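Okay, so here's the structure we're looking at.
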Amino acid sequence: MAEINPFESLQEQIDDAAAYLDADGDVIERLKRPERVLETTLSVDMDDGSAEQFHAYRVQFNGDRGPYKGGIRYHPNVTQDEVTALSGWMAYKCAVVDIPYGGAKGGIAFDPREYSERELERITRAFAAELRPIIGADRDIPAPDVNTGQREMNWIKDTYETLERTTEPAVVTGKALSSGGSAGRVEATGRSTMLTAREAFDYLGRGIEDATVAVQGYGNAGSVTATLLEAEGATVVAVSDSRGGVYAADGLDTEAVKEHKRETGSVVGYPDADEELTNEELLTADVDLLVPAALENAVDESIARDVRADVIVEAANGPLTPDADDVLTERDVYVLPDILANAGGVTVSYFEWVQNRQRFAWTEKRVNDELERVITEAFDRLVDTYESVDVPNLRTAAYVVAIERVVDAFDDHGNWP
């Protein structure tokens, strides 16, 4: 597969949507580039007494609608272009679901599996110290992403509070409940993916309970999506992770597969599967619904030509290349874009931030009810735009909605100085 630059993909998506907007070209150009980029090298002591260096980034893409918001990922393939693209997707994700945030993203280029917990804590705290001048409850609020979670967010919060000599739980989201986290946050991305799929099938006049499903990527987002779709009556027939996938014609027990992965490190070898398959075979499986829930650029033009699913709901960020989008549009495959489908994470992060600011915790039912309201209202606005504006696909419709909201915010407050 040819290397696809995710930042260029984002810019192409913005250009596609801008063709349907009455917005000044100079404003659109501004919305294609980040406002601030932090690139830093962390020098961290290892358990053996040596010092190791790590390249790290934080990109603040756009803050017209509120404080910057976005996760931090730990992965050996982290680059500035990737983090920049992710920060832009976050800005438009917040806009499409109409929560008052801008977009940001951060990352450290390393494989966390190769380091001890004590080393991971030192790496995280070193990054938090570098981020300290530019983050804060009203500035930029980090959250978990690939290979980070409650533990890392707790470390960042503690580092910030210690250095600032304050108590500020709203400086990060995705924390443990005991540190000011929100009920429902861990399942939020998978829940919004399920809700988007449910609404999409209803819009198409089909029932989600009759759908067969393949999920590529069985981490938190993918596994939660699978379990929630199963609870809605869908049949999850295939799942995969980085090592490969498994298939069962009559459906997989999603919780049993998750337990197998927890015990062995992979879904591969799940004993009740009919057969094993590669990730590419899963992406082109004969199913009603495909959920890409891994990393960017999983589906390129070549794979898109062989996709047999009628509906794709993106749990991952940027899993389809622009060329793949074009192919799937030509083939009348409905693609529900990431900036709607996986927006549950940032939406419940917003709820967590609100709870932290108010010092008042919500019940999980309230969190889930509010999330359902936000996603279904955003879906309805997306469909209205898709039907009323002559756009080629739902992704372009989503960007029309999102960019229009960011442009309105920019116009409202003006450009200073």
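Ordering of the structure tokens sets the chain letters (A, B, ...); residue numbers start at 1 within each chain; ligands are numbered from 1 in the order shown.
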Interface rows for range 305-360 of chain A against range 96-112 of chain A: nearest pair, Å to one decimal, 8 Å, only C-alpha atoms, as a tab-separated table:
residue	atom	partner	partner_atom	distance
A:Ile339	CA	A:Val96	CA	7.0
A:Leu340	CA	A:Val96	CA	6.7
A:Ala343	CA	A:Val97	CA	7.3
A:Thr347	CA	A:Ile99	CA	7.1
A:Tyr350	CA	A:Ile99	CA	7.5
Would you mind exporting all heavy atoms of the selected residues as a compact mmCIF listing (two decimals), in the first residue's frame?
# COMPACT_ATOMS: atom_id res chain seq x y z
N ILE A 339 -15.82 11.70 11.98
CA ILE A 339 -16.07 12.91 12.77
C ILE A 339 -17.47 12.93 13.37
O ILE A 339 -17.76 13.76 14.23
CB ILE A 339 -15.77 14.21 11.99
CG1 ILE A 339 -16.69 14.36 10.78
CG2 ILE A 339 -14.31 14.28 11.61
CD1 ILE A 339 -16.57 15.73 10.12
N LEU A 340 -18.33 12.01 12.94
CA LEU A 340 -19.59 11.78 13.64
C LEU A 340 -19.53 10.48 14.44
O LEU A 340 -19.79 10.47 15.64
CB LEU A 340 -20.76 11.71 12.66
CG LEU A 340 -22.09 11.23 13.27
CD1 LEU A 340 -22.58 12.22 14.33
CD2 LEU A 340 -23.14 11.03 12.19
N ALA A 343 -17.38 10.28 17.61
CA ALA A 343 -17.39 11.51 18.42
C ALA A 343 -17.87 11.29 19.84
O ALA A 343 -17.87 12.22 20.65
CB ALA A 343 -18.26 12.57 17.74
N THR A 347 -17.36 13.74 23.12
CA THR A 347 -18.62 14.25 23.70
C THR A 347 -18.69 13.94 25.19
O THR A 347 -19.03 14.82 26.00
CB THR A 347 -19.82 13.64 22.96
OG1 THR A 347 -19.75 13.96 21.57
CG2 THR A 347 -21.12 14.16 23.53
N TYR A 350 -16.37 16.01 27.06
CA TYR A 350 -16.99 17.31 27.34
C TYR A 350 -17.89 17.22 28.57
O TYR A 350 -17.84 18.09 29.46
CB TYR A 350 -17.79 17.78 26.12
CG TYR A 350 -18.69 18.96 26.37
CD1 TYR A 350 -18.17 20.18 26.80
CD2 TYR A 350 -20.07 18.86 26.22
CE1 TYR A 350 -19.00 21.27 27.05
CE2 TYR A 350 -20.91 19.93 26.45
CZ TYR A 350 -20.37 21.13 26.87
OH TYR A 350 -21.19 22.21 27.12
12 Å contact set for Trp353 in chain A, only C-alpha atoms, chain neighbours under 2 positions out, as a compact mmCIF listing (two decimals) with N, CA, C and O atoms, in the first residue's frame:
# COMPACT_ATOMS: atom_id res chain seq x y z
N PRO A 67 -11.92 25.96 23.87
CA PRO A 67 -10.58 25.44 24.19
C PRO A 67 -10.21 24.29 23.26
O PRO A 67 -11.07 23.55 22.79
N LYS A 69 -9.05 20.67 22.20
CA LYS A 69 -9.40 19.40 22.82
C LYS A 69 -8.89 18.26 21.96
O LYS A 69 -9.06 18.27 20.74
N ILE A 99 -20.31 20.65 20.06
CA ILE A 99 -19.85 20.90 21.42
C ILE A 99 -18.78 21.99 21.38
O ILE A 99 -18.06 22.11 20.39
N PRO A 100 -18.68 22.84 22.42
CA PRO A 100 -17.89 24.07 22.35
C PRO A 100 -16.39 23.87 22.59
O PRO A 100 -15.82 24.38 23.56
N TYR A 101 -15.78 23.13 21.68
CA TYR A 101 -14.34 22.90 21.74
C TYR A 101 -13.72 23.18 20.37
O TYR A 101 -14.39 23.08 19.33
N GLY A 136 -4.57 23.49 29.97
CA GLY A 136 -5.33 24.02 31.09
C GLY A 136 -6.81 23.88 30.80
O GLY A 136 -7.22 23.69 29.65
N ALA A 137 -7.62 24.00 31.82
CA ALA A 137 -9.05 23.75 31.69
C ALA A 137 -9.72 24.69 30.69
O ALA A 137 -10.75 24.34 30.11
N ASP A 138 -9.17 25.88 30.48
CA ASP A 138 -9.73 26.84 29.52
C ASP A 138 -8.80 27.06 28.34
O ASP A 138 -9.03 27.97 27.54
N ASP A 140 -6.38 24.05 26.71
CA ASP A 140 -6.21 22.83 25.91
C ASP A 140 -6.35 21.66 26.88
O ASP A 140 -5.62 21.59 27.88
N ILE A 141 -7.28 20.75 26.58
CA ILE A 141 -7.60 19.67 27.50
C ILE A 141 -7.26 18.34 26.86
O ILE A 141 -8.02 17.86 26.00
N PRO A 142 -6.15 17.70 27.21
CA PRO A 142 -5.80 16.39 26.64
C PRO A 142 -6.76 15.29 27.10
O PRO A 142 -7.55 15.46 28.04
N ALA A 143 -6.65 14.14 26.43
CA ALA A 143 -7.48 12.98 26.71
C ALA A 143 -6.74 11.73 26.23
O ALA A 143 -5.71 11.84 25.57
N GLU A 168 -7.01 20.91 39.78
CA GLU A 168 -7.71 21.22 38.54
C GLU A 168 -8.03 19.94 37.78
O GLU A 168 -7.35 19.59 36.81
N PRO A 169 -9.07 19.21 38.20
CA PRO A 169 -9.39 17.95 37.52
C PRO A 169 -9.76 18.15 36.06
O PRO A 169 -9.61 17.23 35.25
N ALA A 170 -10.24 19.35 35.67
CA ALA A 170 -10.69 19.58 34.29
C ALA A 170 -9.53 19.81 33.33
O ALA A 170 -9.78 20.05 32.14
N VAL A 171 -8.29 19.68 33.78
CA VAL A 171 -7.16 19.88 32.88
C VAL A 171 -7.03 18.74 31.88
O VAL A 171 -6.47 18.91 30.79
N VAL A 172 -7.52 17.55 32.22
CA VAL A 172 -7.56 16.42 31.29
C VAL A 172 -8.88 15.70 31.48
O VAL A 172 -9.54 15.82 32.52
N THR A 173 -9.27 14.92 30.47
CA THR A 173 -10.44 14.06 30.59
C THR A 173 -10.03 12.62 30.29
O THR A 173 -8.91 12.36 29.87
N GLY A 174 -10.96 11.71 30.55
CA GLY A 174 -10.63 10.30 30.41
C GLY A 174 -9.94 9.74 31.63
O GLY A 174 -9.24 8.73 31.56
N LYS A 175 -10.12 10.41 32.78
CA LYS A 175 -9.48 10.00 34.02
C LYS A 175 -10.26 8.85 34.66
O LYS A 175 -11.40 8.57 34.30
N GLY A 180 -11.86 11.99 39.25
CA GLY A 180 -12.72 12.97 38.62
C GLY A 180 -13.19 12.59 37.23
O GLY A 180 -13.68 13.45 36.49
N GLY A 181 -13.05 11.33 36.86
CA GLY A 181 -13.53 10.88 35.57
C GLY A 181 -15.04 10.77 35.52
O GLY A 181 -15.72 10.95 36.53
N SER A 182 -15.54 10.47 34.32
CA SER A 182 -16.98 10.39 34.14
C SER A 182 -17.42 8.96 33.92
O SER A 182 -16.76 8.18 33.21
N ARG A 185 -17.41 7.00 30.18
CA ARG A 185 -16.36 7.50 29.29
C ARG A 185 -15.65 6.39 28.54
O ARG A 185 -15.37 6.51 27.34
N VAL A 346 -15.10 12.29 22.58
CA VAL A 346 -14.92 13.71 22.92
C VAL A 346 -16.20 14.28 23.51
O VAL A 346 -16.15 15.19 24.35
N THR A 347 -17.36 13.74 23.12
CA THR A 347 -18.62 14.25 23.70
C THR A 347 -18.69 13.94 25.19
O THR A 347 -19.03 14.82 26.00
N VAL A 348 -18.37 12.70 25.56
CA VAL A 348 -18.40 12.37 26.99
C VAL A 348 -17.22 13.01 27.71
O VAL A 348 -17.32 13.32 28.90
N SER A 349 -16.12 13.25 27.02
CA SER A 349 -15.05 14.06 27.61
C SER A 349 -15.56 15.46 27.94
O SER A 349 -15.22 16.03 28.98
N TYR A 350 -16.37 16.01 27.06
CA TYR A 350 -16.99 17.31 27.34
C TYR A 350 -17.89 17.22 28.57
O TYR A 350 -17.84 18.09 29.46
N PHE A 351 -18.67 16.14 28.66
CA PHE A 351 -19.50 15.96 29.85
C PHE A 351 -18.63 15.85 31.10
O PHE A 351 -18.98 16.38 32.17
N GLN A 355 -18.71 18.31 34.34
CA GLN A 355 -18.85 17.81 35.71
C GLN A 355 -17.70 18.30 36.59
O GLN A 355 -17.91 18.66 37.76
N ASN A 356 -16.49 18.30 36.06
CA ASN A 356 -15.33 18.76 36.82
C ASN A 356 -15.45 20.25 37.16
O ASN A 356 -15.11 20.67 38.28
N ARG A 357 -15.94 21.04 36.20
CA ARG A 357 -16.08 22.47 36.46
C ARG A 357 -17.16 22.75 37.49
O ARG A 357 -17.05 23.69 38.29
N GLN A 358 -18.22 21.91 37.47
CA GLN A 358 -19.33 22.11 38.41
C GLN A 358 -19.11 21.39 39.74
O GLN A 358 -19.86 21.63 40.69
N ARG A 359 -18.08 20.51 39.75
CA ARG A 359 -17.85 19.66 40.93
C ARG A 359 -19.11 18.86 41.28
O ARG A 359 -19.50 18.73 42.45
N PHE A 360 -19.74 18.31 40.23
CA PHE A 360 -20.97 17.56 40.41
C PHE A 360 -20.98 16.40 39.41
O PHE A 360 -20.91 16.62 38.19
N ALA A 361 -21.07 15.16 39.91
CA ALA A 361 -20.99 13.99 39.05
C ALA A 361 -22.36 13.57 38.54
O ALA A 361 -23.35 13.60 39.28
N TRP A 362 -22.40 13.18 37.25
CA TRP A 362 -23.62 12.67 36.65
C TRP A 362 -23.69 11.16 36.80
O TRP A 362 -22.68 10.48 36.93
Inset, instruction - Tell me which protein, DNA and RNA residues are within 10 Å of Glu164 in chain A, counting only C-alpha atoms, leaving out same-chain ones fewer than 4 positions away, and put them as a count of residues only. - result: 6
Within 12 Å of range 250-253 of chain A using only C-alpha atoms, minus same-chain residues under 5 positions, as a CSV table (one decimal) with N, CA and C atoms, in the first residue's frame:
chain,number,residue,atom,x,y,z
A,211,ALA,N,-28.6,-7.1,10.7
A,211,ALA,CA,-27.3,-6.8,10.1
A,211,ALA,C,-26.2,-7.8,10.5
A,212,THR,N,-25.4,-8.2,9.6
A,212,THR,CA,-24.1,-8.9,9.9
A,212,THR,C,-23.0,-7.9,9.9
A,213,VAL,N,-22.0,-8.1,10.8
A,213,VAL,CA,-21.0,-7.0,11.1
A,213,VAL,C,-19.6,-7.6,11.1
A,214,ALA,N,-18.7,-6.9,10.6
A,214,ALA,CA,-17.3,-7.1,10.7
A,214,ALA,C,-16.6,-5.9,11.3
A,215,VAL,N,-15.7,-6.2,12.3
A,215,VAL,CA,-15.1,-5.1,13.1
A,215,VAL,C,-13.6,-5.3,12.9
A,223,SER,N,-14.1,-3.3,20.3
A,223,SER,CA,-14.7,-4.3,21.1
A,223,SER,C,-16.0,-3.8,21.7
A,226,ALA,N,-18.7,-3.7,19.0
A,226,ALA,CA,-19.1,-5.0,18.7
A,226,ALA,C,-20.1,-5.5,19.8
A,227,THR,N,-19.8,-5.3,21.0
A,227,THR,CA,-20.7,-5.8,22.1
A,227,THR,C,-22.0,-5.0,22.1
A,228,LEU,N,-22.0,-3.7,21.8
A,228,LEU,CA,-23.2,-2.9,21.8
A,228,LEU,C,-24.1,-3.2,20.6
A,229,LEU,N,-23.4,-3.5,19.5
A,229,LEU,CA,-24.2,-3.9,18.3
A,229,LEU,C,-24.8,-5.3,18.5
A,230,GLU,N,-24.1,-6.2,19.2
A,230,GLU,CA,-24.7,-7.5,19.5
A,230,GLU,C,-25.9,-7.3,20.4
A,231,ALA,N,-25.8,-6.4,21.4
A,231,ALA,CA,-26.9,-6.2,22.2
A,231,ALA,C,-28.1,-5.6,21.5
A,233,GLY,N,-29.0,-6.6,18.6
A,233,GLY,CA,-29.5,-7.7,17.8
A,233,GLY,C,-28.7,-8.0,16.6
A,234,ALA,N,-27.7,-7.2,16.3
A,234,ALA,CA,-26.8,-7.5,15.1
A,234,ALA,C,-26.0,-8.8,15.4
A,235,THR,N,-25.5,-9.4,14.3
A,235,THR,CA,-24.7,-10.6,14.4
A,235,THR,C,-23.3,-10.2,14.0
A,236,VAL,N,-22.3,-10.2,14.9
A,236,VAL,CA,-20.9,-9.9,14.7
A,236,VAL,C,-20.3,-11.2,14.2
A,237,VAL,N,-19.9,-11.2,12.9
A,237,VAL,CA,-19.4,-12.5,12.4
A,237,VAL,C,-17.9,-12.5,12.2
A,238,ALA,N,-17.2,-11.3,12.3
A,238,ALA,CA,-15.8,-11.3,12.1
A,238,ALA,C,-15.2,-10.1,12.9
A,239,VAL,N,-14.0,-10.3,13.5
A,239,VAL,CA,-13.3,-9.3,14.2
A,239,VAL,C,-11.8,-9.5,14.0
A,240,SER,N,-11.0,-8.5,14.2
A,240,SER,CA,-9.6,-8.7,14.0
A,240,SER,C,-8.8,-7.7,14.8
A,245,GLY,N,-7.4,-12.0,12.2
A,245,GLY,CA,-8.8,-12.0,12.6
A,245,GLY,C,-9.5,-13.4,12.7
A,258,LYS,N,-13.3,-11.0,23.6
A,258,LYS,CA,-12.6,-10.0,24.3
A,258,LYS,C,-11.8,-10.6,25.4
A,259,GLU,N,-12.4,-11.6,26.1
A,259,GLU,CA,-11.7,-12.3,27.2
A,259,GLU,C,-10.5,-13.1,26.6
A,260,HIS,N,-10.7,-13.7,25.5
A,260,HIS,CA,-9.6,-14.5,24.8
A,260,HIS,C,-8.5,-13.5,24.5
A,267,VAL,N,-7.1,-11.7,19.2
A,267,VAL,CA,-8.3,-12.5,18.9
A,267,VAL,C,-8.0,-13.8,18.2
A,270,TYR,N,-9.1,-17.8,18.8
A,270,TYR,CA,-10.3,-17.9,19.5
A,270,TYR,C,-11.0,-19.3,19.2
A,271,PRO,N,-11.2,-20.1,20.2
A,271,PRO,CA,-11.5,-21.5,19.9
A,271,PRO,C,-12.9,-21.8,19.2
A,272,ASP,N,-13.8,-20.9,19.3
A,272,ASP,CA,-15.2,-21.1,18.8
A,272,ASP,C,-15.3,-20.4,17.4
A,273,ALA,N,-14.2,-20.0,16.8
A,273,ALA,CA,-14.3,-19.4,15.4
A,273,ALA,C,-14.4,-20.5,14.4
A,274,ASP,N,-15.0,-20.3,13.2
A,274,ASP,CA,-15.0,-21.2,12.1
A,274,ASP,C,-13.7,-21.2,11.4
A,275,GLU,N,-13.1,-20.0,11.3
A,275,GLU,CA,-11.8,-19.9,10.6
A,275,GLU,C,-11.1,-18.6,10.9
A,287,VAL,N,-20.5,-8.8,4.4
A,287,VAL,CA,-21.3,-8.4,5.6
A,287,VAL,C,-22.1,-7.2,5.2
Legend entry - Shortest interatomic distance to Leu295 in chain A - which of A:Arg113, A:Arg73, A:Lys157, A:Lys261, counting only C-alpha atoms: A:Arg73
Inset, instruction - Identify which of the residues A:Val354, A:Ala402, A:Ala51, A:Val391 lies closest to Tyr20 in chain A, counting only C-alpha atoms when measuring atom-to-atom distances. - result: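 The shortest atom-to-atom distance to Tyr20 in chain A comes from A:Val391.
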Inset, instruction - Tell me, as a count of residues only, which residues lie within 8 Å of Thr196 in chain A, counting only C-alpha atoms; anything in the same chain fewer than 3 positions away does not count. - result: 11
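Distances here use only C-alpha atoms; by that measure, the residue among A:Cys94, A:Ala248, A:Val389, A:Ala19 closest to Ala285 in chain A is A:Ala248.
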Legend entry - Given only C-alpha atoms as the counted atoms, nearest of A:Asn5, A:Thr329, A:Thr363, A:Ser302 to Leu177 in chain A: A:Thr363
Inset, instruction - Between CA of Thr284 in chain A and CA of Gln216 in chain A, measure the distance and give it in Å to one decimal. - result: 10.6 Å
Legend entry - For range 52-60 of chain A: contacts at 9 Å, only C-alpha atoms, fewer than 3 positions along chain excluded, given as number ranges by chain: A: 34-46, 63, 68-70, 72, 78-80, 83-84, 86-88, 102-110, 123, 127, 131, 140
Can I get the selected residues back with N, CA and C atoms, as a compact mmCIF listing (two decimals), in the first residue's frame?
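Contents of selection11.txt, freshly written:
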# COMPACT_ATOMS: atom_id res chain seq x y z
N PRO A 34 -2.77 24.25 11.08
CA PRO A 34 -2.84 24.40 12.55
C PRO A 34 -2.43 25.79 13.01
N GLU A 35 -2.95 26.16 14.16
CA GLU A 35 -2.59 27.45 14.75
C GLU A 35 -1.28 27.39 15.53
N ARG A 36 -0.97 26.22 16.09
CA ARG A 36 0.25 26.11 16.91
C ARG A 36 0.73 24.67 16.90
N VAL A 37 2.05 24.48 16.79
CA VAL A 37 2.64 23.15 16.82
C VAL A 37 3.78 23.13 17.83
N LEU A 38 3.71 22.23 18.79
CA LEU A 38 4.81 22.00 19.73
C LEU A 38 5.51 20.71 19.32
N GLU A 39 6.79 20.81 19.03
CA GLU A 39 7.62 19.63 18.79
C GLU A 39 8.73 19.65 19.83
N THR A 40 8.86 18.57 20.56
CA THR A 40 9.83 18.54 21.65
C THR A 40 10.51 17.18 21.73
N THR A 41 11.69 17.16 22.31
CA THR A 41 12.41 15.91 22.56
C THR A 41 12.50 15.71 24.07
N LEU A 42 11.94 14.60 24.52
CA LEU A 42 11.96 14.27 25.95
C LEU A 42 13.19 13.42 26.24
N SER A 43 13.92 13.77 27.26
CA SER A 43 15.05 12.95 27.72
C SER A 43 14.66 12.36 29.06
N VAL A 44 14.56 11.02 29.10
CA VAL A 44 13.96 10.35 30.25
C VAL A 44 14.90 9.25 30.74
N ASP A 45 15.07 9.18 32.07
CA ASP A 45 15.91 8.15 32.67
C ASP A 45 15.18 6.80 32.63
N MET A 46 15.91 5.76 32.20
CA MET A 46 15.37 4.41 32.15
C MET A 46 15.70 3.66 33.44
N GLY A 63 -9.04 26.96 17.47
CA GLY A 63 -9.70 27.26 18.74
C GLY A 63 -10.83 28.25 18.61
N TYR A 68 -8.91 24.16 23.00
CA TYR A 68 -8.44 23.02 22.21
C TYR A 68 -8.73 21.72 22.96
N LYS A 69 -9.05 20.67 22.20
CA LYS A 69 -9.40 19.40 22.82
C LYS A 69 -8.89 18.26 21.96
N GLY A 70 -8.25 17.27 22.57
CA GLY A 70 -7.81 16.13 21.79
C GLY A 70 -6.91 15.20 22.57
N ILE A 72 -3.97 12.04 23.38
CA ILE A 72 -2.53 11.81 23.30
C ILE A 72 -2.32 10.33 23.02
N VAL A 78 4.03 7.56 15.23
CA VAL A 78 3.58 8.93 15.42
C VAL A 78 4.50 9.89 14.67
N THR A 79 3.90 10.77 13.86
CA THR A 79 4.64 11.83 13.16
C THR A 79 3.91 13.15 13.34
N GLN A 80 4.59 14.23 12.99
CA GLN A 80 3.95 15.54 13.09
C GLN A 80 2.75 15.64 12.14
N VAL A 83 -0.21 13.74 13.68
CA VAL A 83 -0.81 14.46 14.81
C VAL A 83 -1.55 15.71 14.32
N THR A 84 -1.00 16.38 13.31
CA THR A 84 -1.67 17.55 12.76
C THR A 84 -3.01 17.17 12.14
N LEU A 86 -4.86 14.56 12.87
CA LEU A 86 -5.77 14.17 13.95
C LEU A 86 -6.31 15.39 14.69
N SER A 87 -5.50 16.42 14.85
CA SER A 87 -5.96 17.64 15.53
C SER A 87 -7.02 18.35 14.70
N GLY A 88 -6.85 18.34 13.36
CA GLY A 88 -7.86 18.94 12.50
C GLY A 88 -9.15 18.15 12.51
N GLY A 102 -12.42 23.45 20.40
CA GLY A 102 -11.62 23.40 19.20
C GLY A 102 -10.97 22.04 19.09
N GLY A 103 -9.90 21.96 18.28
CA GLY A 103 -9.27 20.66 18.07
C GLY A 103 -7.79 20.68 18.34
N ALA A 104 -7.30 19.61 18.96
CA ALA A 104 -5.87 19.43 19.23
C ALA A 104 -5.57 17.94 19.22
N LYS A 105 -4.29 17.61 19.24
CA LYS A 105 -3.87 16.21 19.36
C LYS A 105 -2.42 16.20 19.79
N GLY A 106 -2.03 15.10 20.45
CA GLY A 106 -0.65 14.95 20.88
C GLY A 106 -0.19 13.52 20.70
N GLY A 107 1.11 13.34 20.71
CA GLY A 107 1.62 11.99 20.58
C GLY A 107 3.10 11.90 20.88
N ILE A 108 3.54 10.70 21.27
CA ILE A 108 4.96 10.41 21.48
C ILE A 108 5.30 9.21 20.60
N ALA A 109 6.39 9.31 19.87
CA ALA A 109 6.78 8.26 18.92
C ALA A 109 7.58 7.18 19.63
N PHE A 110 6.89 6.17 20.15
CA PHE A 110 7.55 5.03 20.77
C PHE A 110 6.53 3.92 20.97
N ILE A 123 8.06 8.92 31.35
CA ILE A 123 7.87 9.48 30.00
C ILE A 123 6.64 10.38 29.98
N PHE A 127 6.47 14.52 29.44
CA PHE A 127 5.65 15.17 28.42
C PHE A 127 4.69 16.16 29.06
N LEU A 131 4.08 20.12 28.31
CA LEU A 131 2.77 20.63 27.91
C LEU A 131 2.24 21.69 28.88
N ASP A 140 -6.38 24.05 26.71
CA ASP A 140 -6.21 22.83 25.91
C ASP A 140 -6.35 21.66 26.88
